$ cat upload.cif   # mmCIF, C-alpha atoms
data_run
loop_
_atom_site.group_PDB
_atom_site.id
_atom_site.type_symbol
_atom_site.label_atom_id
_atom_site.label_comp_id
_atom_site.auth_asym_id
_atom_site.auth_seq_id
_atom_site.Cartn_x
_atom_site.Cartn_y
_atom_site.Cartn_z
ATOM 1 C CA MET A 1 5.681 -26.154 5.090
ATOM 2 C CA ASN A 2 1.899 -25.868 5.196
ATOM 3 C CA THR A 3 0.745 -23.486 7.935
ATOM 4 C CA THR A 4 -2.969 -23.646 7.182
ATOM 5 C CA GLN A 5 -5.195 -24.376 10.159
ATOM 6 C CA THR A 6 -8.984 -24.676 10.258
ATOM 7 C CA ILE A 7 -10.796 -23.450 13.381
ATOM 8 C CA ASN A 8 -14.586 -23.341 13.552
ATOM 9 C CA GLY A 9 -14.706 -23.813 9.792
ATOM 10 C CA ILE A 10 -12.457 -20.792 9.108
ATOM 11 C CA GLN A 11 -9.113 -21.366 7.418
ATOM 12 C CA LEU A 12 -6.254 -19.487 9.043
ATOM 13 C CA LYS A 13 -2.941 -19.313 7.199
ATOM 14 C CA GLY A 14 0.101 -18.619 9.304
ATOM 15 C CA LEU A 15 -1.797 -16.643 11.921
ATOM 16 C CA THR A 16 -0.860 -19.011 14.729
ATOM 17 C CA GLN A 17 2.786 -18.164 14.123
ATOM 18 C CA LEU A 18 1.969 -14.522 14.889
ATOM 19 C CA GLY A 19 0.380 -15.295 18.236
ATOM 20 C CA ILE A 20 -3.183 -15.285 16.963
ATOM 21 C CA ASN A 21 -4.525 -18.501 18.318
ATOM 22 C CA GLY A 22 -7.794 -18.566 16.495
ATOM 23 C CA ILE A 23 -11.250 -17.215 16.292
ATOM 24 C CA ASN A 24 -13.515 -18.536 19.008
ATOM 25 C CA SER A 25 -17.124 -18.117 19.989
ATOM 26 C CA HIS A 26 -17.661 -16.774 23.511
ATOM 27 C CA ASN A 27 -20.913 -16.940 25.443
ATOM 28 C CA ASN A 28 -23.013 -16.948 22.259
ATOM 29 C CA LYS A 29 -22.351 -13.208 21.958
ATOM 30 C CA GLY A 30 -20.671 -13.474 18.587
ATOM 31 C CA VAL A 31 -17.306 -14.304 17.198
ATOM 32 C CA ARG A 32 -14.224 -12.727 18.725
ATOM 33 C CA MET A 33 -10.539 -13.032 17.985
ATOM 34 C CA ASN A 34 -7.939 -13.968 20.588
ATOM 35 C CA ILE A 35 -4.372 -12.701 20.276
ATOM 36 C CA THR A 36 -1.476 -13.633 22.534
ATOM 37 C CA TYR A 37 0.956 -10.768 23.165
ATOM 38 C CA ASN A 38 3.684 -10.721 25.834
ATOM 39 C CA ASN A 39 2.377 -14.005 27.279
ATOM 40 C CA LYS A 40 -1.091 -12.545 27.829
ATOM 41 C CA GLN A 41 -4.203 -13.356 25.852
ATOM 42 C CA TYR A 42 -6.313 -10.483 24.539
ATOM 43 C CA THR A 43 -9.870 -10.909 23.294
ATOM 44 C CA ILE A 44 -10.675 -8.633 20.368
ATOM 45 C CA PRO A 45 -14.451 -8.047 20.357
ATOM 46 C CA LYS A 46 -16.632 -7.268 17.378
ATOM 47 C CA PRO A 47 -16.365 -5.024 15.424
ATOM 48 C CA PHE A 48 -12.671 -4.506 16.216
ATOM 49 C CA ASP A 49 -11.853 -7.999 14.972
ATOM 50 C CA GLN A 50 -12.449 -6.563 11.488
ATOM 51 C CA CYS A 51 -9.774 -3.851 11.883
ATOM 52 C CA PHE A 52 -6.706 -4.033 9.673
ATOM 53 C CA MET A 53 -3.848 -5.067 11.960
ATOM 54 C CA GLY A 54 -1.140 -5.519 9.357
ATOM 55 C CA LYS A 55 0.894 -8.633 8.648
ATOM 56 C CA GLU A 56 2.169 -8.805 12.224
ATOM 57 C CA PRO A 57 -0.570 -7.883 14.725
ATOM 58 C CA THR A 58 1.880 -8.162 17.631
ATOM 59 C CA LYS A 59 4.511 -5.847 16.127
ATOM 60 C CA GLU A 60 5.127 -2.916 18.472
ATOM 61 C CA ILE A 61 4.467 0.604 17.209
ATOM 62 C CA ILE A 62 5.120 3.906 18.985
ATOM 63 C CA VAL A 63 2.012 6.088 19.185
ATOM 64 C CA HIS A 64 2.141 9.739 20.230
ATOM 65 C CA ASN A 65 -0.624 11.574 22.053
ATOM 66 C CA ARG A 66 -2.215 13.753 19.383
ATOM 67 C CA PHE A 67 -2.513 16.673 21.793
ATOM 68 C CA SER A 68 1.028 16.603 23.218
ATOM 69 C CA ASP A 69 3.722 19.134 22.391
ATOM 70 C CA GLU A 70 6.364 18.842 19.663
ATOM 71 C CA SER A 71 8.705 16.864 21.943
ATOM 72 C CA PHE A 72 6.231 13.961 21.897
ATOM 73 C CA SER A 73 6.699 13.545 25.635
ATOM 74 C CA GLN A 74 3.422 11.643 25.822
ATOM 75 C CA SER A 75 3.859 8.496 23.778
ATOM 76 C CA CYS A 76 3.796 4.751 24.278
ATOM 77 C CA LYS A 77 4.451 1.449 22.535
ATOM 78 C CA LEU A 78 1.469 -0.619 21.512
ATOM 79 C CA PRO A 79 1.069 -3.805 19.494
ATOM 80 C CA ALA A 80 -0.410 -3.292 16.030
ATOM 81 C CA PHE A 81 -3.746 -4.838 17.046
ATOM 82 C CA ALA A 82 -4.132 -2.220 19.810
ATOM 83 C CA VAL A 83 -3.100 0.566 17.398
ATOM 84 C CA ALA A 84 -5.854 -0.589 15.034
ATOM 85 C CA ILE A 85 -8.400 -0.268 17.836
ATOM 86 C CA TYR A 86 -6.956 3.110 18.872
ATOM 87 C CA ASP A 87 -7.284 4.354 15.273
ATOM 88 C CA THR A 88 -10.885 3.127 15.178
ATOM 89 C CA ILE A 89 -11.625 5.036 18.399
ATOM 90 C CA ILE A 90 -10.253 8.254 16.880
ATOM 91 C CA GLY A 91 -12.188 7.665 13.656
ATOM 92 C CA ALA A 92 -15.390 6.977 15.589
ATOM 93 C CA GLU A 93 -14.915 10.237 17.482
ATOM 94 C CA ARG A 94 -14.470 12.182 14.234
ATOM 95 C CA THR A 95 -17.593 10.620 12.689
ATOM 96 C CA GLU A 96 -19.559 11.051 15.933
ATOM 97 C CA ASP A 97 -20.139 7.312 16.397
ATOM 98 C CA TYR A 98 -19.974 7.605 20.172
ATOM 99 C CA THR A 99 -21.216 4.056 20.816
ATOM 100 C CA LEU A 100 -18.277 2.576 18.886
ATOM 101 C CA MET A 101 -15.907 5.092 20.439
ATOM 102 C CA GLN A 102 -17.007 4.152 23.973
ATOM 103 C CA LYS A 103 -16.722 0.436 23.226
ATOM 104 C CA GLY A 104 -13.125 0.969 22.131
ATOM 105 C CA ILE A 105 -12.305 3.173 25.114
ATOM 106 C CA THR A 106 -13.716 0.571 27.499
ATOM 107 C CA TRP A 107 -11.572 -2.133 25.829
ATOM 108 C CA PHE A 108 -8.481 0.096 26.144
ATOM 109 C CA GLN A 109 -9.156 0.879 29.811
ATOM 110 C CA LYS A 110 -9.339 -2.842 30.564
ATOM 111 C CA ASN A 111 -6.450 -4.102 28.417
ATOM 112 C CA PHE A 112 -3.938 -1.239 28.163
ATOM 113 C CA THR A 113 -4.635 0.925 31.202
ATOM 114 C CA ASP A 114 -1.394 2.957 31.278
ATOM 115 C CA GLU A 115 -1.513 3.519 27.522
ATOM 116 C CA TYR A 116 -5.158 4.604 27.824
ATOM 117 C CA TYR A 117 -4.141 7.378 30.233
ATOM 118 C CA THR A 118 -1.305 8.430 27.929
ATOM 119 C CA LEU A 119 -3.299 8.501 24.694
ATOM 120 C CA LEU A 120 -7.025 8.779 25.363
ATOM 121 C CA ASP A 121 -7.724 10.272 28.790
#
$ encode --input "upload.cif" --output "structure tokens"
Amino acid sequence: MNTTQTINGIQLKGLTQLGINGINSHNNKGVRMNITYNNKQYTIPKPFDQCFMGKEPTKEIIVHNRFSDESFSQSCKLPAFAVAIYDTIIGAERTEDYTLMQKGITWFQKNFTDEYYTLLD
């Protein structure tokens, strides 16, 4: 079965089966990726659309607050695409790229509010 699809001149292989419904242009502000997860569509803005999200971007992963105690009482489940953005936020903080860090935090506040308060606030 051929699962190749072409959207805006970009060939996507099998991504639609994972809930990634393509790469679309929005408001002439650049190319962004849309991912459907739990019946909700998420727009992944640049540069986070370049993050490695694994083979299954909607696979759920448990993430622990890096400052919580050994019982990991502060943790939450996130889809792999959100974990990739979370990891980029932490990396941006470590490399003092505060513009990128703030862009990621703003995305998290909007799209995963409860998880933001658990992991990043």
$ resolve_selection --input "upload.cif" --expression "the PyMOL selection byres ((chain A and resi 107) around 12)" --output "PyMOL selection string"
chain A and resi 42-48+82+85-86+88-89+100-106+108-113+115-116+120
$ closest_residue --input "upload.cif" --among "A:Thr95, A:Asn39, A:Ser75, A:Asn34" --to "Ile61 of chain A" --atoms "only C-alpha atoms"
A:Ser75
$ atom_distance --input "upload.cif" --atom1 "atom CA of Tyr98 of chain A" --atom2 "atom CA of Lys40 of chain A"
28.7 Å
$ resolve_selection --input "upload.cif" --expression "the PyMOL selection byres ((chain A and resi 59) around 6)" --output "PyMOL selection string"
chain A and resi 56-58+60+79-80
$ closest_residue --input "upload.cif" --among "A:Met53, A:Ala84, A:Ala92, A:Leu119" --to "Phe72 of chain A" --atoms "only C-alpha atoms"
A:Leu119
$ atom_distance --input "upload.cif" --atom1 "atom CA of Arg66 of chain A" --atom2 "atom CA of Gly91 of chain A"
13.0 Å
$ axis_aligned_box --input "upload.cif" --around "segment 76-83 of chain A" --padding-each-side "3 Å" --output "JSON"
{"center_x": 0.2, "center_y": 0.0, "center_z": 20.2, "size_x": 14.6, "size_y": 15.6, "size_z": 14.2}
$ build_atoms --input "upload.cif" --residues "segment 49-69 of chain A" --atoms "N, CA and C atoms" --output "compact mmCIF listing (two decimals), keeping the file's coordinate frame"
# COMPACT_ATOMS: atom_id res chain seq x y z
N ASP A 49 -12.51 -6.86 15.60
CA ASP A 49 -11.85 -8.00 14.97
C ASP A 49 -11.77 -7.83 13.46
N GLN A 50 -12.48 -6.85 12.92
CA GLN A 50 -12.45 -6.56 11.49
C GLN A 50 -11.43 -5.48 11.13
N CYS A 51 -10.78 -4.89 12.12
CA CYS A 51 -9.77 -3.85 11.88
C CYS A 51 -8.56 -4.42 11.16
N PHE A 52 -7.94 -3.62 10.33
CA PHE A 52 -6.71 -4.03 9.67
C PHE A 52 -5.58 -3.91 10.68
N MET A 53 -4.91 -5.03 10.96
CA MET A 53 -3.85 -5.07 11.96
C MET A 53 -2.48 -5.29 11.35
N GLY A 54 -2.41 -5.30 10.03
CA GLY A 54 -1.14 -5.52 9.36
C GLY A 54 -0.75 -6.99 9.32
N LYS A 55 0.42 -7.26 8.77
CA LYS A 55 0.89 -8.63 8.65
C LYS A 55 1.29 -9.21 9.99
N GLU A 56 1.71 -8.36 10.91
CA GLU A 56 2.17 -8.80 12.22
C GLU A 56 1.39 -8.07 13.31
N PRO A 57 0.25 -8.58 13.73
CA PRO A 57 -0.57 -7.88 14.72
C PRO A 57 0.11 -7.64 16.06
N THR A 58 1.20 -8.35 16.35
CA THR A 58 1.88 -8.16 17.63
C THR A 58 3.12 -7.27 17.51
N LYS A 59 3.38 -6.76 16.32
CA LYS A 59 4.51 -5.85 16.13
C LYS A 59 4.26 -4.58 16.93
N GLU A 60 5.28 -4.12 17.65
CA GLU A 60 5.13 -2.92 18.47
C GLU A 60 5.33 -1.65 17.65
N ILE A 61 4.47 -0.68 17.91
CA ILE A 61 4.47 0.60 17.21
C ILE A 61 4.41 1.71 18.26
N ILE A 62 5.17 2.76 18.07
CA ILE A 62 5.12 3.91 18.98
C ILE A 62 4.00 4.83 18.52
N VAL A 63 3.13 5.18 19.46
CA VAL A 63 2.01 6.09 19.18
C VAL A 63 2.17 7.31 20.09
N HIS A 64 2.02 8.49 19.49
CA HIS A 64 2.14 9.74 20.23
C HIS A 64 0.75 10.30 20.54
N ASN A 65 0.62 10.90 21.71
CA ASN A 65 -0.62 11.57 22.05
C ASN A 65 -0.82 12.72 21.06
N ARG A 66 -1.97 12.76 20.44
CA ARG A 66 -2.22 13.75 19.38
C ARG A 66 -2.32 15.17 19.91
N PHE A 67 -2.43 15.34 21.23
CA PHE A 67 -2.51 16.67 21.79
C PHE A 67 -1.25 17.10 22.52
N SER A 68 -0.20 16.26 22.50
CA SER A 68 1.03 16.60 23.22
C SER A 68 1.86 17.60 22.41
N ASP A 69 2.87 18.12 23.04
CA ASP A 69 3.72 19.13 22.39
C ASP A 69 4.65 18.50 21.36
